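Q: The file below is coords.txt, compact mmCIF, C-alpha atoms:
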```
# COMPACT_ATOMS: atom_id res chain seq x y z
CA MET U 1 18.88 -69.58 -7.47
CA SER U 2 21.49 -68.77 -4.88
CA THR U 3 22.17 -65.17 -3.88
CA GLU U 4 25.64 -65.30 -5.34
CA ALA U 5 24.36 -66.48 -8.68
CA ARG U 6 21.64 -63.79 -8.81
CA ALA U 7 24.13 -61.06 -7.98
CA GLY U 8 25.91 -61.93 -11.19
CA HIS U 9 22.94 -60.70 -13.25
CA PHE U 10 23.36 -57.08 -12.20
CA PRO U 11 25.65 -55.22 -14.53
CA ALA U 12 28.72 -54.49 -12.47
CA ILE U 13 28.89 -50.91 -13.72
CA ASP U 14 25.77 -49.93 -11.75
CA TRP U 15 27.59 -50.72 -8.54
CA ASN U 16 30.98 -49.29 -9.37
CA GLY U 17 29.92 -45.68 -9.54
CA GLY U 18 29.72 -43.71 -12.73
CA ALA U 19 25.94 -44.20 -13.08
CA PHE U 20 23.70 -41.24 -12.25
CA PRO U 21 20.10 -42.37 -11.72
CA TYR U 22 19.02 -38.73 -11.21
CA ARG U 23 21.53 -37.34 -13.74
CA VAL U 24 23.15 -35.35 -10.95
CA GLY U 25 26.35 -36.10 -9.03
CA HIS U 26 26.27 -37.42 -5.48
CA ARG U 27 27.35 -34.08 -4.02
CA LYS U 28 24.52 -32.23 -5.72
CA LEU U 29 22.02 -34.87 -4.61
CA GLY U 30 23.41 -34.49 -1.10
CA MET U 31 22.85 -30.73 -1.20
CA TRP U 32 19.28 -31.28 -2.40
CA LEU U 33 18.62 -33.65 0.50
CA PHE U 34 20.14 -31.15 2.94
CA ILE U 35 17.87 -28.45 1.50
CA VAL U 36 14.82 -30.68 1.96
CA SER U 37 15.71 -31.32 5.60
CA ASP U 38 16.50 -27.66 6.22
CA SER U 39 13.16 -26.61 4.73
CA LEU U 40 11.49 -28.87 7.26
CA THR U 41 13.42 -27.13 10.05
CA PHE U 42 12.22 -23.71 8.89
CA SER U 43 8.67 -24.96 8.26
CA ALA U 44 8.56 -26.33 11.79
CA LEU U 45 9.70 -22.97 13.18
CA LEU U 46 7.18 -21.03 11.08
CA MET U 47 4.39 -23.45 12.03
CA GLY U 48 5.35 -23.04 15.69
CA TYR U 49 5.15 -19.29 15.22
CA ALA U 50 1.73 -19.62 13.56
CA TYR U 51 0.53 -21.81 16.45
CA LEU U 52 1.66 -19.28 19.06
CA ARG U 53 0.15 -16.46 17.07
CA ALA U 54 -3.23 -18.24 16.84
CA SER U 55 -3.29 -18.92 20.57
CA ASN U 56 -2.09 -15.56 21.94
CA ASN U 57 -2.74 -11.84 21.77
CA TRP U 58 -0.02 -11.06 19.25
CA PRO U 59 1.48 -7.55 19.07
CA THR U 60 1.78 -5.96 15.59
CA PRO U 61 4.53 -3.42 16.27
CA PHE U 62 6.46 -2.88 13.01
CA PRO U 63 6.41 0.74 11.81
CA PHE U 64 6.90 1.64 8.12
CA TYR U 65 10.26 3.13 9.04
CA PRO U 66 12.61 1.57 10.01
CA SER U 67 11.23 -1.99 10.08
CA ILE U 68 9.32 -2.33 6.78
CA VAL U 69 11.70 -0.15 4.77
CA PHE U 70 14.70 -2.10 6.06
CA SER U 71 13.14 -5.53 5.53
CA SER U 72 12.01 -4.57 2.01
CA VAL U 73 15.48 -3.41 1.05
CA MET U 74 16.86 -6.61 2.58
CA THR U 75 14.44 -8.65 0.45
CA PHE U 76 15.63 -6.74 -2.61
CA CYS U 77 19.26 -7.50 -1.68
CA LEU U 78 18.60 -11.21 -1.33
CA LEU U 79 16.63 -11.41 -4.59
CA SER U 80 19.42 -9.56 -6.41
CA SER U 81 22.03 -11.83 -4.83
CA SER U 82 20.15 -14.82 -6.23
CA LEU U 83 20.22 -13.24 -9.68
CA THR U 84 23.96 -12.57 -9.52
CA MET U 85 24.52 -16.13 -8.25
CA VAL U 86 22.62 -17.63 -11.17
CA PHE U 87 24.68 -15.42 -13.53
CA GLY U 88 27.81 -16.79 -11.84
CA VAL U 89 26.72 -20.41 -12.31
CA SER U 90 25.79 -19.63 -15.89
CA ALA U 91 29.23 -18.07 -16.54
CA SER U 92 30.91 -21.10 -14.97
CA SER U 93 28.94 -23.46 -17.24
CA ARG U 94 30.40 -21.61 -20.22
CA GLY U 95 33.88 -22.15 -18.77
CA ASP U 96 34.23 -18.44 -17.86
CA LYS U 97 35.72 -18.95 -14.37
CA ALA U 98 36.83 -15.33 -13.94
CA GLY U 99 33.29 -14.18 -14.75
CA ALA U 100 31.90 -16.72 -12.31
CA ARG U 101 34.18 -15.36 -9.59
CA ARG U 102 33.08 -11.76 -10.26
CA TRP U 103 29.39 -12.68 -10.04
CA ILE U 104 29.96 -14.72 -6.88
CA LEU U 105 31.71 -11.73 -5.30
CA ALA U 106 28.68 -9.60 -6.22
CA THR U 107 26.50 -12.23 -4.53
CA ILE U 108 28.66 -12.02 -1.40
CA PHE U 109 28.30 -8.23 -1.46
CA PHE U 110 24.48 -8.41 -1.53
CA GLY U 111 24.51 -11.13 1.14
CA ALA U 112 26.73 -9.03 3.40
CA ALA U 113 24.47 -6.01 2.81
CA PHE U 114 21.54 -8.17 3.93
CA VAL U 115 23.29 -9.18 7.16
CA VAL U 116 24.40 -5.62 7.96
CA LEU U 117 20.90 -4.17 7.34
CA HIS U 118 19.36 -6.95 9.39
CA LEU U 119 21.70 -6.30 12.32
CA ILE U 120 20.82 -2.58 12.19
CA GLU U 121 17.14 -3.52 12.21
CA TRP U 122 17.71 -5.88 15.17
CA ASN U 123 19.56 -3.09 16.92
CA HIS U 124 16.52 -0.77 16.51
CA LEU U 125 14.27 -3.35 18.16
CA ILE U 126 16.72 -4.20 20.93
CA GLY U 127 17.12 -0.46 21.55
CA GLU U 128 13.35 -0.18 21.94
CA GLY U 129 13.55 -2.83 24.64
CA LEU U 130 12.57 -6.03 22.79
CA ARG U 131 14.14 -9.17 24.31
CA PRO U 132 13.51 -12.85 23.61
CA PHE U 133 11.16 -13.10 26.60
CA TYR U 134 10.17 -9.48 27.25
CA LEU U 135 8.29 -6.86 25.30
CA PRO U 136 9.15 -3.16 25.53
CA GLU U 137 6.96 -1.69 28.24
CA HIS U 138 5.08 0.73 25.96
CA TRP U 139 4.23 -2.14 23.56
CA ALA U 140 2.73 -4.06 26.46
CA THR U 141 0.50 -1.06 27.28
CA VAL U 142 -0.54 -0.29 23.70
CA PHE U 143 -1.35 -3.86 22.65
CA THR U 144 -3.27 -4.95 25.74
CA LEU U 145 -6.80 -5.88 24.61
CA SER U 146 -9.93 -4.22 26.01
CA ASP U 147 -10.61 -7.34 28.13
CA GLY U 148 -7.20 -6.90 29.75
CA THR U 149 -5.35 -9.69 27.88
CA PRO U 150 -1.73 -8.54 27.63
CA PRO U 151 0.29 -9.14 24.43
CA THR U 152 2.49 -12.21 24.58
CA ALA U 153 6.18 -11.83 25.35
CA LEU U 154 6.84 -14.78 22.99
CA PHE U 155 6.89 -12.27 20.13
CA GLY U 156 10.56 -11.62 20.81
CA ALA U 157 11.39 -15.32 21.12
CA THR U 158 9.87 -16.24 17.75
CA PHE U 159 11.21 -13.13 16.03
CA PHE U 160 14.79 -13.57 17.17
CA ALA U 161 14.76 -17.36 16.71
CA ILE U 162 13.43 -17.37 13.15
CA THR U 163 15.25 -14.33 11.76
CA GLY U 164 18.36 -15.30 13.75
CA LEU U 165 18.48 -18.81 12.29
CA HIS U 166 17.96 -17.33 8.83
CA MET U 167 20.71 -14.76 9.37
CA PHE U 168 23.00 -17.58 10.52
CA HIS U 169 22.28 -19.36 7.22
CA VAL U 170 23.12 -16.20 5.25
CA ALA U 171 26.36 -15.71 7.20
CA THR U 172 27.31 -19.37 6.63
CA GLY U 173 26.49 -18.94 2.94
CA ILE U 174 28.80 -15.92 2.72
CA ILE U 175 31.69 -17.98 4.15
CA TYR U 176 30.83 -20.85 1.79
CA LEU U 177 30.79 -18.52 -1.23
CA LEU U 178 34.08 -16.89 -0.16
CA VAL U 179 35.69 -20.34 -0.22
CA VAL U 180 34.10 -21.10 -3.61
CA ALA U 181 35.24 -17.74 -5.02
CA ALA U 182 38.79 -18.31 -3.76
CA ARG U 183 38.97 -21.81 -5.26
CA VAL U 184 36.85 -21.17 -8.36
CA LYS U 185 39.55 -22.27 -10.81
CA LYS U 186 40.30 -25.50 -8.94
CA ILE U 187 36.75 -26.81 -8.45
CA ASN U 188 34.49 -28.09 -11.20
CA HIS U 189 31.27 -26.56 -12.46
CA GLU U 190 28.95 -28.77 -10.46
CA ASP U 191 30.48 -27.65 -7.17
CA ILE U 192 29.78 -24.03 -8.08
CA GLU U 193 26.22 -24.99 -8.98
CA ILE U 194 25.86 -26.69 -5.56
CA SER U 195 26.92 -23.52 -3.73
CA GLY U 196 24.30 -21.74 -5.86
CA LEU U 197 21.64 -24.21 -4.71
CA TYR U 198 22.42 -23.40 -1.08
CA TRP U 199 22.33 -19.66 -1.72
CA HIS U 200 19.00 -19.77 -3.55
CA PHE U 201 17.57 -21.83 -0.71
CA VAL U 202 18.51 -19.10 1.78
CA ASP U 203 16.72 -16.61 -0.50
CA LEU U 204 13.71 -18.92 -0.73
CA VAL U 205 13.36 -19.17 3.05
CA TRP U 206 13.33 -15.37 3.31
CA MET U 207 10.40 -15.33 0.85
CA PHE U 208 8.36 -16.94 3.65
CA VAL U 209 9.95 -15.22 6.64
CA PHE U 210 9.48 -11.71 5.24
CA PRO U 211 5.68 -11.79 4.71
CA LEU U 212 4.90 -13.95 7.75
CA ILE U 213 7.09 -12.13 10.28
CA TYR U 214 7.22 -8.58 8.90
CA ILE U 215 4.21 -7.96 6.64
CA MET U 216 1.80 -9.73 9.01
CA SER U 217 3.01 -7.63 11.98
CA VAL U 218 2.76 -4.13 10.54
CA ASP U 219 1.61 -1.42 12.93
CA MET U 220 -1.09 -0.22 10.50
CA HIS U 221 -2.84 2.33 12.61
CA GLY U 222 0.30 3.84 14.06
CA ALA U 223 -0.55 2.52 17.52
CA LEU U 224 3.01 3.02 18.68
CA ASN U 225 3.34 6.60 17.40
CA HIS U 226 3.07 8.87 20.31
CA MET D 1 27.63 -39.16 -20.41
CA SER D 2 30.26 -36.75 -21.63
CA GLU D 3 31.74 -34.08 -19.38
CA HIS D 4 30.36 -31.43 -21.64
CA ALA D 5 26.74 -32.56 -21.43
CA ASP D 6 27.14 -32.56 -17.64
CA GLU D 7 28.07 -28.93 -17.56
CA HIS D 8 25.21 -27.70 -19.68
CA PHE D 9 23.23 -25.12 -17.71
CA ALA D 10 19.94 -24.39 -19.44
CA GLY D 11 18.28 -20.99 -19.31
CA SER D 12 19.52 -17.65 -20.59
CA ASN D 13 20.46 -14.63 -18.52
CA LYS D 14 17.46 -12.87 -20.06
CA LEU D 15 15.16 -15.55 -18.67
CA PHE D 16 16.72 -15.27 -15.20
CA THR D 17 16.43 -11.48 -15.26
CA SER D 18 12.74 -11.66 -16.12
CA VAL D 19 12.20 -14.14 -13.25
CA TRP D 20 13.96 -11.65 -10.94
CA VAL D 21 11.69 -8.83 -12.18
CA ILE D 22 8.60 -10.94 -11.42
CA LEU D 23 9.96 -11.72 -7.93
CA VAL D 24 10.59 -8.03 -7.20
CA VAL D 25 7.10 -7.07 -8.44
CA LEU D 26 5.48 -9.76 -6.26
CA THR D 27 7.44 -8.46 -3.27
CA LEU D 28 6.16 -4.93 -3.93
CA VAL D 29 2.60 -6.30 -4.08
CA GLU D 30 3.18 -7.90 -0.66
CA ILE D 31 4.37 -4.61 0.82
CA LEU D 32 1.31 -2.81 -0.60
CA LEU D 33 -0.93 -5.50 0.90
CA ALA D 34 0.57 -4.80 4.32
CA TYR D 35 -1.21 -1.44 4.32
CA LYS D 36 -4.60 -2.67 3.10
CA THR D 37 -7.24 -3.30 5.74
CA MET D 38 -8.62 -6.82 5.39
CA PRO D 39 -9.47 -9.83 7.58
CA ILE D 40 -6.30 -11.55 8.75
CA HIS D 41 -7.17 -14.94 7.20
CA ILE D 42 -7.65 -13.38 3.74
CA MET D 43 -4.37 -11.51 4.14
CA LEU D 44 -2.59 -14.70 5.25
CA THR D 45 -3.99 -16.66 2.29
CA ILE D 46 -2.92 -14.04 -0.26
CA LEU D 47 0.54 -13.62 1.29
CA LEU D 48 1.15 -17.37 1.50
CA GLY D 49 -0.11 -17.78 -2.08
CA LEU D 50 2.34 -15.13 -3.30
CA SER D 51 5.15 -16.72 -1.27
CA ILE D 52 4.48 -20.14 -2.78
CA VAL D 53 4.53 -18.64 -6.29
CA LYS D 54 7.84 -16.91 -5.48
CA ALA D 55 9.31 -20.07 -3.97
CA ALA D 56 8.23 -22.07 -7.03
CA LEU D 57 9.90 -19.54 -9.36
CA ILE D 58 13.13 -19.68 -7.34
CA ILE D 59 13.16 -23.49 -7.22
CA ALA D 60 12.23 -23.93 -10.89
CA TYR D 61 14.54 -21.36 -12.48
CA PHE D 62 17.25 -20.24 -10.05
CA MET D 63 17.71 -23.66 -8.47
CA HIS D 64 17.27 -25.11 -11.92
CA LEU D 65 14.93 -27.90 -10.86
CA LYS D 66 12.73 -27.35 -13.93
CA PHE D 67 15.63 -28.50 -16.11
CA GLU D 68 16.50 -31.56 -14.01
CA ARG D 69 15.31 -35.11 -14.55
CA LEU D 70 11.67 -35.78 -13.61
CA SER D 71 12.82 -38.57 -11.26
CA LEU D 72 14.75 -36.02 -9.14
CA ILE D 73 11.77 -33.66 -8.98
CA LEU D 74 9.46 -36.52 -7.95
CA THR D 75 11.91 -37.66 -5.29
CA LEU D 76 12.29 -34.24 -3.67
CA VAL D 77 9.09 -32.25 -4.05
CA PRO D 78 6.01 -34.39 -3.19
CA MET D 79 7.32 -35.76 0.10
CA LEU D 80 8.43 -32.31 1.20
CA VAL D 81 5.02 -30.83 0.41
CA ILE D 82 3.25 -33.66 2.26
CA CYS D 83 5.49 -33.32 5.32
CA ILE D 84 4.94 -29.56 5.49
CA CYS D 85 1.18 -29.98 5.11
CA LEU D 86 1.21 -32.54 7.94
CA PHE D 87 2.53 -29.84 10.30
CA SER D 88 -0.84 -28.09 10.04
CA VAL D 89 -2.52 -30.79 12.15
CA PHE D 90 -1.46 -28.65 15.12
CA PHE D 91 -3.59 -25.66 14.15
CA PRO D 92 -6.94 -26.65 15.69
CA ASP D 93 -5.09 -27.02 18.99
CA GLY D 94 -3.68 -23.50 18.64
CA PHE D 95 -7.20 -22.06 18.47
CA ARG D 96 -8.39 -24.32 21.30
CA SER D 97 -5.61 -23.29 23.67
CA SER D 98 -6.38 -19.60 23.14
CA GLY D 99 -9.92 -20.29 24.50
CA LEU D 100 -8.48 -22.03 27.55
CA ARG D 101 -6.42 -19.05 28.55
CA TYR D 102 -7.17 -17.28 31.83
CA LYS D 103 -9.20 -14.13 31.17
CA PHE D 104 -7.99 -11.13 33.11
CA GLN D 105 -10.89 -9.33 34.76
CA GLU D 106 -9.64 -6.05 36.16
CA SER D 107 -5.88 -6.11 36.22
CA PRO D 108 -3.35 -8.91 35.86
CA PRO D 109 -3.30 -11.13 38.96
CA VAL D 110 -0.83 -10.33 41.67
CA ALA D 111 0.62 -12.58 44.35
CA PRO D 112 -1.76 -12.92 47.36
CA ALA D 113 -0.87 -10.88 50.41
CA PRO D 114 0.91 -12.88 53.12
CA ALA D 115 -1.36 -14.19 55.86
CA GLU D 116 -1.57 -11.86 58.85
CA GLU D 117 0.26 -12.90 61.99
CA PRO D 118 -2.14 -13.72 64.83
```
As structure tokens - that is how I would like this structure written.

A:
Amino acid sequence: MSTEARAGHFPAIDWNGGAFPYRVGHRKLGMWLFIVSDSLTFSALLMGYAYLRASNNWPTPFPFYPSIVFSSVMTFCLLSSSLTMVFGVSASSRGDKAGARRWILATIFFGAAFVVLHLIEWNHLIGEGLRPFYLPEHWATVFTLSDGTPPTALFGATFFAITGLHMFHVATGIIYLLVVAARVKKINHEDIEISGLYWHFVDLVWMFVFPLIYIMSVDMHGALNH
Amino acid sequence: MSEHADEHFAGSNKLFTSVWVILVVLTLVEILLAYKTMPIHIMLTILLGLSIVKAALIIAYFMHLKFERLSLILTLVPMLVICICLFSVFFPDGFRSSGLRYKFQESPPVAPAPAEEP
């Protein structure tokens, strides 16, 4: 059978659009594929961090206040923003576009609170003297092992790279949601749901960054209190 | 498929709120764990376990994947999990390279003094 003849057996409708093999639109599938690739980016960064941590003397400098208090409140903000986002998508599915806009604005508020708190927390660490390739001098003294191995300066590089990339995602998400909130009456429900997917993904990444970067680096014995 | 069926978004606000409560409680457990003394590998296992549970809750309910077609779930999830697991092939090398590191004896090495002029 010739190729041309065989092609005739496929129902034309499958190739003209309008068929949804996954029961989602192409934009939503595209967002899912983006999320999969972005999770690999973050996994690679976190794995790189784990590798460096396993092969170096790693400082554990975070005090309860400000670092852990700030990062916990930030986690709470992101979790709450996910809840308001899902309320927004739910309102939009009922056709309540004004409600959807209100919930999305609440999401933006929590997202902005996250970024502001995170910048304050960064500012604390930068003020102490942490840089991408240098540790504050008193950290270097406190965390040097008894055999003389100094703590690795890569702490700053991994910390700023991972939390910085995440903060960039949150900031991008805020801009994205502002556009969605402004155009909420013009766009259809699925587009609002897609912006929700992105926002929840940003929340999801923080669920790994928070324990691995913050909780695993708590200064338990108050080594830096002097 | 009708437009209306497309826009159906399963799950009630009550369900989402209870998922949020569970997520907040798990976060509080993580913060408590930070101040418990235990070997680092046990701590890492518990924290990663909690994170995976939290991620699964977010993906299933907030990202709505639980209510999507099975074919979409099977397209996205298994290959992602396998790829992430494959990253861990680097770990043995991380432990090996820490053993190769130069051990400081007295103080960190300094540059040798310049040779004396004859």

Q: What is the distance, in Å and to one decimal place, between CA of His64 in chain D and CA of Pro78 in chain D?

A: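 According to the coordinates, CA of His64 in chain D and CA of Pro78 in chain D are separated by 17.0 Å.
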
Q: Residues near range 25-32 of chain D, anyone? I mean within 12 Å using all atoms listed in the file, not counting same-chain ones fewer than 4 positions away, as a PyMOL selection string.

A: (chain U and resi 64+67-79+206-208+210-212+214-218+220) or (chain D and resi 18-21+36-37+43-55+57)

Q: Compare U:Glu193, U:Tyr51, U:Pro136, U:Ile126 by their minimum atom-to-atom distance to Val24 in chain U, counting all atoms listed in the file, and give me the closest one.

A: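 Among the listed residues, the smallest separation from Val24 in chain U belongs to U:Glu193.
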
Q: Give the residues of chain D that lie within 6 Å of chain U; count only C-alpha atoms, and format the answer as a list in words.

A: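 Those within range of chain U come out as Glu7, Phe9, Ala34, Ser51, Ala55, Met63, Leu72, Gly94, Phe95, Ser97, Ser98 and Phe104 of chain D.
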
Q: In Å to one decimal, how far is CA of His166 in chain U from CA of Val116 in chain U?

A: 13.4 Å

Q: Which is closer to Asn225 in chain U than all the others in U:Leu117, U:Val142, U:Leu177, U:Leu105, using all atoms listed in the file?

A: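 When distances to Asn225 in chain U are compared using all atoms listed in the file, the smallest one comes from U:Val142.
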
Q: Between CA of Gly111 in chain U and CA of Ser81 in chain U, measure the distance and give it in Å to one decimal.

A: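 Interatomic distance here is 6.5 Å.
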
Q: Choose the residue, out of U:Leu45, U:Pro59, U:Tyr176, U:Ala100, that has the smallest atom-to-atom separation from Leu145 in chain U; count all atoms listed in the file.

A: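 So, comparing all the options, the nearest one is U:Pro59.
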